[in-house]
>>> print(open('input26.cif').read())   # mmCIF, C-alpha atoms
data_my_file
loop_
_atom_site.label_atom_id
_atom_site.label_comp_id
_atom_site.auth_asym_id
_atom_site.auth_seq_id
_atom_site.Cartn_x
_atom_site.Cartn_y
_atom_site.Cartn_z
CA MET A 1 5.88 -18.39 -12.55
CA LEU A 2 3.30 -15.67 -13.12
CA ALA A 3 2.65 -13.02 -10.47
CA ALA A 4 -0.81 -12.35 -9.02
CA TYR A 5 -2.99 -9.38 -9.98
CA ILE A 6 -5.65 -9.04 -7.29
CA THR A 7 -8.57 -6.66 -7.56
CA HIS A 8 -12.39 -6.66 -7.42
CA ALA A 9 -15.23 -4.74 -9.03
CA ASP A 10 -16.51 -3.84 -5.55
CA CYS A 11 -13.43 -1.64 -5.05
CA ALA A 12 -14.63 0.66 -7.83
CA ARG A 13 -18.08 1.10 -6.28
CA HIS A 14 -16.83 3.01 -3.25
CA GLU A 15 -17.02 6.77 -3.80
CA MET A 16 -16.76 9.83 -1.59
CA GLY A 17 -18.59 12.35 -3.72
CA PRO A 18 -17.94 14.24 -6.96
CA GLN A 19 -14.47 15.76 -7.41
CA HIS A 20 -12.98 13.72 -4.57
CA PRO A 21 -9.39 12.83 -5.54
CA GLU A 22 -9.67 9.24 -4.29
CA CYS A 23 -12.06 8.31 -7.09
CA PRO A 24 -13.21 5.01 -8.62
CA GLU A 25 -11.57 5.85 -11.95
CA ARG A 26 -8.14 5.26 -10.39
CA LEU A 27 -8.47 1.50 -10.73
CA GLY A 28 -9.70 1.64 -14.30
CA ALA A 29 -6.78 3.84 -15.31
CA ILE A 30 -4.29 1.39 -13.82
CA ASN A 31 -5.95 -1.69 -15.27
CA ASP A 32 -6.21 -0.14 -18.75
CA HIS A 33 -2.57 0.91 -18.79
CA LEU A 34 -1.33 -2.47 -17.58
CA LEU A 35 -3.43 -4.05 -20.32
CA VAL A 36 -2.09 -1.74 -23.04
CA LYS A 37 1.49 -2.35 -21.91
CA GLY A 38 0.95 -6.12 -22.02
CA LEU A 39 1.82 -6.53 -18.36
CA LEU A 40 -1.36 -8.39 -17.49
CA ASP A 41 -0.14 -11.18 -19.81
CA TYR A 42 2.47 -11.91 -17.14
CA MET A 43 -0.02 -12.01 -14.27
CA LEU A 44 -2.73 -14.31 -12.96
CA PRO A 45 -6.00 -12.50 -12.15
CA TYR A 46 -7.71 -13.05 -8.80
CA ASP A 47 -10.90 -11.62 -7.32
CA ALA A 48 -10.20 -10.29 -3.84
CA PRO A 49 -12.18 -12.02 -1.08
CA LEU A 50 -13.86 -10.24 1.82
CA ALA A 51 -11.62 -9.96 4.86
CA THR A 52 -13.10 -11.52 7.98
CA GLU A 53 -13.50 -9.80 11.34
CA GLU A 54 -10.87 -12.15 12.73
CA GLN A 55 -8.36 -11.10 10.04
CA LEU A 56 -9.10 -7.42 10.56
CA GLY A 57 -8.83 -7.83 14.33
CA ARG A 58 -5.18 -8.76 14.10
CA ALA A 59 -4.34 -5.22 12.95
CA HIS A 60 -7.26 -3.22 14.37
CA SER A 61 -9.11 -3.20 17.64
CA SER A 62 -12.16 -5.44 17.54
CA LEU A 63 -14.31 -2.60 18.85
CA TYR A 64 -13.22 -0.32 16.01
CA VAL A 65 -13.99 -2.99 13.40
CA GLN A 66 -17.43 -3.64 14.87
CA GLU A 67 -18.28 0.05 15.14
CA LEU A 68 -17.21 0.80 11.57
CA MET A 69 -19.29 -2.09 10.26
CA ALA A 70 -22.28 -1.03 12.32
CA LYS A 71 -22.32 2.56 11.08
CA ALA A 72 -21.91 1.81 7.38
CA PRO A 73 -24.72 3.76 5.65
CA THR A 74 -27.37 2.23 3.42
CA ASP A 75 -27.63 5.44 1.38
CA GLY A 76 -25.98 8.84 1.22
CA HIS A 77 -22.61 9.52 2.81
CA LEU A 78 -21.36 9.24 6.39
CA GLN A 79 -18.41 11.51 7.16
CA VAL A 80 -15.73 9.84 9.29
CA ASP A 81 -13.15 12.62 9.07
CA PRO A 82 -12.92 15.88 7.08
CA ASP A 83 -11.58 14.09 3.97
CA THR A 84 -13.08 10.63 4.36
CA SER A 85 -16.64 9.37 4.05
CA MET A 86 -18.54 6.13 3.60
CA CYS A 87 -21.23 5.38 1.03
CA GLN A 88 -23.37 2.25 0.82
CA HIS A 89 -20.59 0.43 -1.08
CA THR A 90 -17.64 1.51 1.06
CA LEU A 91 -17.68 -1.28 3.62
CA LYS A 92 -17.63 -4.04 1.03
CA ALA A 93 -14.87 -2.27 -0.92
CA ALA A 94 -12.79 -1.87 2.24
CA LEU A 95 -13.28 -5.53 3.12
CA ARG A 96 -12.17 -6.54 -0.38
CA ALA A 97 -9.10 -4.29 -0.18
CA ALA A 98 -7.99 -5.85 3.10
CA GLY A 99 -8.96 -9.29 1.85
CA ALA A 100 -6.69 -8.83 -1.16
CA ALA A 101 -3.67 -8.47 1.11
CA VAL A 102 -4.62 -11.64 2.97
CA GLN A 103 -5.13 -13.54 -0.28
CA ALA A 104 -1.81 -12.27 -1.64
CA THR A 105 -0.09 -13.47 1.52
CA ASP A 106 -1.58 -16.95 1.22
CA LEU A 107 -0.70 -17.21 -2.47
CA VAL A 108 2.89 -16.05 -2.09
CA LEU A 109 3.66 -18.10 1.02
CA ALA A 110 2.13 -21.20 -0.57
CA GLY A 111 4.52 -20.76 -3.48
CA GLU A 112 1.67 -20.40 -5.98
CA VAL A 113 2.96 -17.00 -7.14
CA PRO A 114 6.30 -15.27 -6.50
CA ALA A 115 4.79 -11.79 -6.11
CA ALA A 116 1.46 -9.98 -6.08
CA PHE A 117 0.07 -6.55 -6.90
CA CYS A 118 -3.20 -5.63 -5.19
CA ALA A 119 -5.02 -3.02 -7.30
CA VAL A 120 -7.53 -2.10 -4.63
CA ARG A 121 -9.19 0.86 -2.98
CA PRO A 122 -9.87 2.37 -0.54
CA PRO A 123 -6.20 2.68 0.38
CA GLY A 124 -5.07 1.77 3.88
CA HIS A 125 -1.83 3.19 5.25
CA HIS A 126 -3.42 6.09 7.18
CA ALA A 127 -5.88 3.78 9.00
CA GLU A 128 -4.69 3.44 12.58
CA ARG A 129 -5.44 0.61 14.96
CA ALA A 130 -8.67 2.26 16.07
CA ALA A 131 -9.33 5.09 13.61
CA ALA A 132 -10.22 5.66 9.97
CA MET A 133 -8.62 8.70 8.36
CA GLY A 134 -6.97 10.03 5.23
CA PHE A 135 -9.24 8.18 2.74
CA CYS A 136 -8.48 4.90 4.61
CA PHE A 137 -10.72 2.57 6.64
CA PHE A 138 -8.78 -0.66 7.17
CA ASN A 139 -5.00 -0.83 6.94
CA ASN A 140 -4.79 -3.33 4.11
CA VAL A 141 -1.06 -3.98 4.26
CA ALA A 142 -1.13 -4.27 8.04
CA VAL A 143 -3.90 -6.87 7.86
CA GLY A 144 -1.80 -8.85 5.39
CA ILE A 145 1.35 -8.57 7.49
CA ARG A 146 -0.33 -9.71 10.68
CA HIS A 147 -1.78 -12.65 8.73
CA ALA A 148 1.74 -13.59 7.64
CA LEU A 149 3.07 -13.29 11.19
CA ASP A 150 0.24 -14.74 13.26
CA VAL A 151 -1.20 -17.35 10.89
CA HIS A 152 1.77 -18.37 8.76
CA GLY A 153 4.28 -17.96 11.56
CA LEU A 154 6.82 -15.71 9.86
CA GLU A 155 9.31 -14.04 12.18
CA ARG A 156 10.54 -11.07 10.12
CA VAL A 157 8.49 -9.03 7.66
CA ALA A 158 9.45 -5.70 6.06
CA LEU A 159 7.00 -2.95 5.12
CA ILE A 160 8.14 -0.37 2.58
CA ASP A 161 6.09 2.81 2.07
CA PHE A 162 6.99 5.29 -0.68
CA ASP A 163 3.71 7.23 -0.75
CA VAL A 164 4.27 11.00 -0.60
CA HIS A 165 2.40 10.98 2.73
CA HIS A 166 3.76 9.16 5.77
CA GLY A 167 1.96 5.95 6.66
CA ASN A 168 0.98 7.00 10.16
CA GLY A 169 -1.55 4.19 10.48
CA SER A 170 1.01 1.52 9.71
CA GLU A 171 3.41 3.11 12.18
CA ASP A 172 0.68 3.19 14.83
CA ILE A 173 -0.02 -0.52 14.34
CA PHE A 174 3.58 -1.74 14.15
CA ARG A 175 5.56 0.55 16.45
CA GLY A 176 7.60 -1.60 18.79
CA ASP A 177 6.78 -4.86 16.97
CA ALA A 178 10.26 -6.32 16.48
CA ARG A 179 8.91 -8.73 13.86
CA VAL A 180 8.26 -5.82 11.47
CA LEU A 181 10.73 -3.37 9.98
CA MET A 182 8.93 -0.36 8.48
CA CYS A 183 10.81 1.85 6.02
CA SER A 184 9.08 5.06 4.92
CA ILE A 185 10.05 7.96 2.65
CA PHE A 186 7.65 10.90 2.48
CA GLU A 187 7.50 14.64 1.94
CA LYS A 188 8.01 16.76 5.04
CA GLY A 189 5.21 19.08 6.12
CA LEU A 190 2.39 17.14 4.44
CA TYR A 191 -0.58 15.32 5.92
CA PRO A 192 -0.60 13.61 8.41
CA PHE A 193 2.07 16.03 9.65
CA ASN A 194 4.18 13.46 11.46
CA GLY A 195 6.72 10.72 10.85
CA GLU A 196 9.92 12.73 11.02
CA ASN A 197 10.58 11.41 14.52
CA ALA A 198 10.32 7.63 14.43
CA THR A 199 8.23 6.22 17.27
CA GLY A 200 10.07 2.93 17.60
CA PRO A 201 13.41 1.24 16.89
CA ASN A 202 11.81 -0.75 14.07
CA MET A 203 10.98 2.39 12.08
CA VAL A 204 13.25 3.85 9.37
CA ASN A 205 11.55 7.15 8.52
CA VAL A 206 13.05 9.54 5.99
CA GLY A 207 11.26 12.85 5.52
CA LEU A 208 12.40 14.68 2.39
CA PRO A 209 12.04 18.41 1.75
CA THR A 210 9.68 19.70 -0.92
CA ARG A 211 11.03 19.42 -4.47
CA SER A 212 13.75 16.99 -3.42
CA GLY A 213 13.56 15.13 -6.73
CA SER A 214 14.90 11.83 -7.96
CA ASP A 215 18.48 12.03 -6.71
CA ALA A 216 17.51 12.72 -3.09
CA PHE A 217 14.89 9.96 -3.17
CA ARG A 218 17.31 7.42 -4.58
CA ASP A 219 20.03 8.44 -2.14
CA ALA A 220 17.63 7.99 0.80
CA VAL A 221 16.71 4.51 -0.39
CA SER A 222 20.35 3.50 -0.89
CA THR A 223 21.62 5.09 2.34
CA HIS A 224 18.80 4.33 4.78
CA TRP A 225 16.52 1.57 3.48
CA ILE A 226 18.81 -0.97 1.86
CA PRO A 227 21.31 -1.36 4.74
CA ALA A 228 18.46 -1.67 7.25
CA LEU A 229 16.71 -4.27 5.11
CA ASP A 230 19.86 -6.31 4.60
CA ALA A 231 20.54 -6.28 8.34
CA PHE A 232 16.94 -7.29 9.10
CA ARG A 233 16.84 -10.12 6.51
CA PRO A 234 13.06 -10.11 5.92
CA GLN A 235 11.25 -13.33 5.06
CA LEU A 236 8.65 -11.37 3.07
CA ILE A 237 8.43 -7.79 1.81
CA TYR A 238 5.24 -5.72 1.58
CA ILE A 239 5.02 -2.43 -0.27
CA SER A 240 2.56 0.38 0.39
CA ALA A 241 2.72 1.63 -3.18
CA GLY A 242 1.62 5.23 -3.36
CA PHE A 243 2.37 7.16 -6.55
CA ASP A 244 1.41 10.67 -5.44
CA ALA A 245 5.04 11.79 -5.18
CA HIS A 246 5.02 12.01 -8.99
CA ARG A 247 5.81 15.48 -10.31
CA GLU A 248 2.44 15.63 -12.13
CA ASP A 249 0.41 14.81 -9.00
CA ASP A 250 -0.62 17.91 -7.05
CA MET A 251 -1.15 16.03 -3.78
CA GLY A 252 2.56 16.42 -3.08
CA ASN A 253 5.66 18.06 -4.45
CA LEU A 254 8.59 15.67 -4.30
CA GLY A 255 9.03 15.61 -8.07
CA LEU A 256 9.45 11.89 -8.78
CA VAL A 257 8.92 10.30 -12.21
CA GLU A 258 8.04 6.82 -13.47
CA ALA A 259 11.70 5.81 -13.66
CA ASP A 260 12.03 6.36 -9.90
CA TYR A 261 9.23 3.93 -9.15
CA GLU A 262 10.76 1.36 -11.48
CA TRP A 263 14.17 1.86 -9.88
CA VAL A 264 13.03 1.62 -6.25
CA THR A 265 11.01 -1.50 -7.05
CA GLN A 266 14.08 -3.06 -8.65
CA GLN A 267 16.06 -2.36 -5.47
CA LEU A 268 13.39 -3.97 -3.31
CA VAL A 269 13.08 -6.99 -5.58
CA ALA A 270 16.86 -7.42 -5.33
CA VAL A 271 16.61 -7.37 -1.52
CA ALA A 272 13.80 -9.93 -1.72
CA LYS A 273 15.92 -12.20 -3.90
CA ARG A 274 18.76 -11.99 -1.38
CA HIS A 275 16.67 -12.77 1.66
CA CYS A 276 13.18 -14.16 0.94
CA GLN A 277 13.10 -16.06 -2.33
CA GLY A 278 11.95 -12.95 -4.18
CA ARG A 279 8.64 -12.78 -2.32
CA VAL A 280 7.06 -9.32 -2.57
CA ILE A 281 3.46 -8.14 -2.08
CA SER A 282 2.45 -4.65 -3.20
CA CYS A 283 -0.78 -2.86 -2.32
CA LEU A 284 -1.96 0.36 -3.97
CA GLU A 285 -2.07 3.44 -1.75
CA GLY A 286 -2.09 7.00 -3.19
CA GLY A 287 -1.80 8.52 -6.65
CA TYR A 288 -4.61 10.79 -7.75
CA VAL A 289 -3.93 12.22 -11.20
CA LEU A 290 -4.93 9.40 -13.51
CA SER A 291 -2.28 9.49 -16.22
CA PRO A 292 0.83 9.66 -14.00
CA LEU A 293 -0.81 7.19 -11.62
CA ALA A 294 -1.32 4.66 -14.41
CA ARG A 295 2.16 5.17 -15.85
CA SER A 296 3.85 4.94 -12.45
CA ALA A 297 1.90 1.85 -11.42
CA ALA A 298 2.88 0.19 -14.70
CA ALA A 299 6.56 1.01 -14.13
CA HIS A 300 6.28 -0.45 -10.61
CA VAL A 301 4.50 -3.60 -11.75
CA LYS A 302 6.96 -4.12 -14.61
CA ALA A 303 9.85 -4.22 -12.13
CA LEU A 304 7.86 -6.20 -9.56
CA ILE A 305 7.17 -9.06 -11.97
CA GLY A 306 10.45 -8.86 -13.84
CA ALA A 307 8.90 -8.16 -17.24
CA ASP A 308 11.20 -7.07 -20.05
#
>>> encode(input="input26.cif", output="structure tokens")
Amino acid sequence: MLAAYITHADCARHEMGPQHPECPERLGAINDHLLVKGLLDYMLPYDAPLATEEQLGRAHSSLYVQELMAKAPTDGHLQVDPDTSMCQHTLKAALRAAGAAVQATDLVLAGEVPAAFCAVRPPGHHAERAAAMGFCFFNNVAVGIRHALDVHGLERVALIDFDVHHGNGSEDIFRGDARVLMCSIFEKGLYPFNGENATGPNMVNVGLPTRSGSDAFRDAVSTHWIPALDAFRPQLIYISAGFDAHREDDMGNLGLVEADYEWVTQQLVAVAKRHCQGRVISCLEGGYVLSPLARSAAAHVKALIGAD
């Protein structure tokens, strides 16, 4: 069976001004590289739908969703935090990004595809239950997970986050939710300057020192993530796939390379095969230098879909 490749042209219309690292060209770089590598031949393309207020409200407060929708600008930019702003296309892009995670959930749980990669922006893992921040407006993965739990009735879902920045928004939404096991590896001392002390028993947070490199990353996955995942026995695995820990990306300094993203994805796919019929949904988070972003995403997708 072919995996799903979910994206939408609206996601490339959102922009936060010239020279902003979270730029529209990110999606084009990924798509072009997947095409050149022949990986899109192994995937079914889908246009991401717009998430509904009801779907968003499972992960975010209804008041926050309504207020964000109401203040979306019709021209210019509206600053929502020092690094994050909305243009006239932002709301629709954010709705598509969250909608992609919902669509991926429906497709995978219906057995129509074994896995899905959501090439969407804006990213989501910094968006808290009632706050936009860190380039994020809606927590895309969280919207998908709550859809799996509350609509499809799953009892155990795992969220894996290997972005160089800790997914504080996901932690805010899922802390104390025994149905969700969140495993996060990130660089210590970076935005959002938290995560080293887990806020709930369902959080497996591993902060790594600057310049830790491949061996430390792989050891953390093998020592902390895999045993926790095997004990939890997830019915579905979601990945917040950020590629800004790459050694060529100046947003962080962990020093990872493409082979690390391929390796960690292989480990997660193996867990999925043991416990949840291989079902994995990945949503793009960070990664801001176009060439390493594209190469890393391709390595991740190759392992996700089992391409040779």
>>> atom_distance(input="input26.cif", atom1="CA of Val141 in chain A", atom2="CA of Gly76 in chain A")
28.2 Å
>>> closest_atom_pairs(input="input26.cif", of="range 152-216 of chain A", to="range 112-123 of chain A", cutoff="12 Å", atoms="all atoms listed in the file", output="JSON lines")
{"residue": "A:Asp163", "atom": "CA", "partner": "A:Pro123", "partner_atom": "CA", "distance": 11.0}
{"residue": "A:Gly167", "atom": "CA", "partner": "A:Pro123", "partner_atom": "CA", "distance": 10.8}
{"residue": "A:Gly169", "atom": "CA", "partner": "A:Pro123", "partner_atom": "CA", "distance": 11.2}
{"residue": "A:Ser170", "atom": "CA", "partner": "A:Pro123", "partner_atom": "CA", "distance": 11.8}
>>> resolve_selection(input="input26.cif", expression="the PyMOL selection byres ((chain A and resi 199) around 9)", output="mmCIF file with C-alpha atoms, in the frame of the given file")
data_model
loop_
_atom_site.group_PDB
_atom_site.id
_atom_site.type_symbol
_atom_site.label_atom_id
_atom_site.label_comp_id
_atom_site.auth_asym_id
_atom_site.auth_seq_id
_atom_site.Cartn_x
_atom_site.Cartn_y
_atom_site.Cartn_z
ATOM 1 C CA GLU A 171 3.410 3.110 12.180
ATOM 2 C CA ASP A 172 0.680 3.190 14.830
ATOM 3 C CA ARG A 175 5.560 0.550 16.450
ATOM 4 C CA GLY A 176 7.600 -1.600 18.790
ATOM 5 C CA GLY A 195 6.720 10.720 10.850
ATOM 6 C CA ASN A 197 10.580 11.410 14.520
ATOM 7 C CA ALA A 198 10.320 7.630 14.430
ATOM 8 C CA GLY A 200 10.070 2.930 17.600
ATOM 9 C CA PRO A 201 13.410 1.240 16.890
ATOM 10 C CA ASN A 202 11.810 -0.750 14.070
ATOM 11 C CA MET A 203 10.980 2.390 12.080
#
>>> closest_residue(input="input26.cif", among="A:Gly134, A:Val271, A:Leu2, A:Asn139", to="Leu39 in chain A", atoms="only C-alpha atoms")
A:Leu2
>>> closest_residue(input="input26.cif", among="A:Gln267, A:Ala100, A:Thr52, A:Ala93", to="Tyr5 in chain A", atoms="only C-alpha atoms")
A:Ala100
>>> closest_residue(input="input26.cif", among="A:Ile30, A:Ala148, A:Met1, A:Val80", to="Tyr288 in chain A", atoms="only C-alpha atoms")
A:Ile30
>>> build_atoms(input="input26.cif", residues="range 181-192 of chain A", atoms="all heavy atoms", output="PDB file, in the coordinates of the input")
ATOM      1  N   LEU A 181       9.912  -4.535  10.260  1.00  0.00           N
ATOM      2  CA  LEU A 181      10.730  -3.370   9.980  1.00  0.00           C
ATOM      3  C   LEU A 181       9.964  -2.510   8.977  1.00  0.00           C
ATOM      4  O   LEU A 181       9.662  -2.963   7.874  1.00  0.00           O
ATOM      5  CB  LEU A 181      12.084  -3.765   9.378  1.00  0.00           C
ATOM      6  CG  LEU A 181      12.972  -2.600   8.931  1.00  0.00           C
ATOM      7  CD1 LEU A 181      13.492  -1.833  10.145  1.00  0.00           C
ATOM      8  CD2 LEU A 181      14.128  -3.091   8.069  1.00  0.00           C
ATOM      9  N   MET A 182       9.650  -1.268   9.366  1.00  0.00           N
ATOM     10  CA  MET A 182       8.930  -0.360   8.480  1.00  0.00           C
ATOM     11  C   MET A 182       9.888   0.716   7.983  1.00  0.00           C
ATOM     12  O   MET A 182      10.521   1.415   8.768  1.00  0.00           O
ATOM     13  CB  MET A 182       7.743   0.285   9.187  1.00  0.00           C
ATOM     14  CG  MET A 182       6.972   1.239   8.285  1.00  0.00           C
ATOM     15  SD  MET A 182       5.497   1.931   9.082  1.00  0.00           S
ATOM     16  CE  MET A 182       5.027   3.163   7.842  1.00  0.00           C
ATOM     17  N   CYS A 183       9.975   0.837   6.668  1.00  0.00           N
ATOM     18  CA  CYS A 183      10.810   1.850   6.020  1.00  0.00           C
ATOM     19  C   CYS A 183       9.911   2.791   5.235  1.00  0.00           C
ATOM     20  O   CYS A 183       9.163   2.345   4.358  1.00  0.00           O
ATOM     21  CB  CYS A 183      11.822   1.212   5.090  1.00  0.00           C
ATOM     22  SG  CYS A 183      12.978   0.068   5.878  1.00  0.00           S
ATOM     23  N   SER A 184       9.974   4.081   5.531  1.00  0.00           N
ATOM     24  CA  SER A 184       9.080   5.060   4.920  1.00  0.00           C
ATOM     25  C   SER A 184       9.852   6.270   4.427  1.00  0.00           C
ATOM     26  O   SER A 184      10.721   6.785   5.118  1.00  0.00           O
ATOM     27  CB  SER A 184       8.032   5.508   5.960  1.00  0.00           C
ATOM     28  OG  SER A 184       7.214   6.541   5.454  1.00  0.00           O
ATOM     29  N   ILE A 185       9.572   6.674   3.187  1.00  0.00           N
ATOM     30  CA  ILE A 185      10.050   7.960   2.650  1.00  0.00           C
ATOM     31  C   ILE A 185       8.824   8.783   2.293  1.00  0.00           C
ATOM     32  O   ILE A 185       7.883   8.273   1.680  1.00  0.00           O
ATOM     33  CB  ILE A 185      10.951   7.770   1.424  1.00  0.00           C
ATOM     34  CG1 ILE A 185      12.300   7.168   1.842  1.00  0.00           C
ATOM     35  CG2 ILE A 185      11.177   9.087   0.700  1.00  0.00           C
ATOM     36  CD1 ILE A 185      13.208   6.839   0.678  1.00  0.00           C
ATOM     37  N   PHE A 186       8.821  10.057   2.679  1.00  0.00           N
ATOM     38  CA  PHE A 186       7.650  10.900   2.480  1.00  0.00           C
ATOM     39  C   PHE A 186       8.100  12.351   2.414  1.00  0.00           C
ATOM     40  O   PHE A 186       9.255  12.681   2.724  1.00  0.00           O
ATOM     41  CB  PHE A 186       6.644  10.714   3.619  1.00  0.00           C
ATOM     42  CG  PHE A 186       7.266  10.893   4.987  1.00  0.00           C
ATOM     43  CD1 PHE A 186       7.261  12.128   5.609  1.00  0.00           C
ATOM     44  CD2 PHE A 186       7.865   9.818   5.627  1.00  0.00           C
ATOM     45  CE1 PHE A 186       7.855  12.301   6.856  1.00  0.00           C
ATOM     46  CE2 PHE A 186       8.469   9.979   6.877  1.00  0.00           C
ATOM     47  CZ  PHE A 186       8.457  11.220   7.492  1.00  0.00           C
ATOM     48  N   GLU A 187       7.199  13.218   2.000  1.00  0.00           N
ATOM     49  CA  GLU A 187       7.500  14.640   1.940  1.00  0.00           C
ATOM     50  C   GLU A 187       7.226  15.305   3.284  1.00  0.00           C
ATOM     51  O   GLU A 187       6.142  15.138   3.862  1.00  0.00           O
ATOM     52  CB  GLU A 187       6.678  15.320   0.842  1.00  0.00           C
ATOM     53  CG  GLU A 187       6.997  16.798   0.658  1.00  0.00           C
ATOM     54  CD  GLU A 187       6.229  17.435  -0.482  1.00  0.00           C
ATOM     55  OE1 GLU A 187       5.727  16.705  -1.357  1.00  0.00           O
ATOM     56  OE2 GLU A 187       6.120  18.686  -0.489  1.00  0.00           O
ATOM     57  N   LYS A 188       8.182  16.059   3.776  1.00  0.00           N
ATOM     58  CA  LYS A 188       8.010  16.760   5.040  1.00  0.00           C
ATOM     59  C   LYS A 188       6.896  17.810   4.933  1.00  0.00           C
ATOM     60  O   LYS A 188       6.698  18.417   3.879  1.00  0.00           O
ATOM     61  CB  LYS A 188       9.301  17.479   5.423  1.00  0.00           C
ATOM     62  CG  LYS A 188      10.454  16.587   5.820  1.00  0.00           C
ATOM     63  CD  LYS A 188      11.664  17.441   6.202  1.00  0.00           C
ATOM     64  CE  LYS A 188      12.839  16.598   6.642  1.00  0.00           C
ATOM     65  NZ  LYS A 188      14.007  17.438   7.002  1.00  0.00           N
ATOM     66  N   GLY A 189       6.189  18.004   6.038  1.00  0.00           N
ATOM     67  CA  GLY A 189       5.210  19.080   6.120  1.00  0.00           C
ATOM     68  C   GLY A 189       3.872  18.772   5.491  1.00  0.00           C
ATOM     69  O   GLY A 189       3.017  19.656   5.414  1.00  0.00           O
ATOM     70  N   LEU A 190       3.672  17.539   5.030  1.00  0.00           N
ATOM     71  CA  LEU A 190       2.390  17.140   4.440  1.00  0.00           C
ATOM     72  C   LEU A 190       1.585  16.342   5.451  1.00  0.00           C
ATOM     73  O   LEU A 190       2.115  15.800   6.423  1.00  0.00           O
ATOM     74  CB  LEU A 190       2.616  16.275   3.193  1.00  0.00           C
ATOM     75  CG  LEU A 190       3.048  16.937   1.888  1.00  0.00           C
ATOM     76  CD1 LEU A 190       2.974  15.925   0.762  1.00  0.00           C
ATOM     77  CD2 LEU A 190       2.207  18.159   1.566  1.00  0.00           C
ATOM     78  N   TYR A 191       0.283  16.227   5.175  1.00  0.00           N
ATOM     79  CA  TYR A 191      -0.580  15.320   5.920  1.00  0.00           C
ATOM     80  C   TYR A 191       0.095  13.949   6.008  1.00  0.00           C
ATOM     81  O   TYR A 191       0.673  13.496   5.026  1.00  0.00           O
ATOM     82  CB  TYR A 191      -1.917  15.191   5.168  1.00  0.00           C
ATOM     83  CG  TYR A 191      -2.931  14.302   5.835  1.00  0.00           C
ATOM     84  CD1 TYR A 191      -3.878  14.836   6.691  1.00  0.00           C
ATOM     85  CD2 TYR A 191      -2.953  12.933   5.600  1.00  0.00           C
ATOM     86  CE1 TYR A 191      -4.816  14.025   7.304  1.00  0.00           C
ATOM     87  CE2 TYR A 191      -3.874  12.118   6.206  1.00  0.00           C
ATOM     88  CZ  TYR A 191      -4.800  12.661   7.057  1.00  0.00           C
ATOM     89  OH  TYR A 191      -5.726  11.861   7.672  1.00  0.00           O
ATOM     90  N   PRO A 192       0.066  13.304   7.139  1.00  0.00           N
ATOM     91  CA  PRO A 192      -0.600  13.610   8.410  1.00  0.00           C
ATOM     92  C   PRO A 192       0.260  14.405   9.394  1.00  0.00           C
ATOM     93  O   PRO A 192       0.015  14.341  10.596  1.00  0.00           O
ATOM     94  CB  PRO A 192      -0.918  12.218   8.956  1.00  0.00           C
ATOM     95  CG  PRO A 192       0.253  11.398   8.488  1.00  0.00           C
ATOM     96  CD  PRO A 192       0.614  11.927   7.143  1.00  0.00           C
TER      97      PRO A 192
END
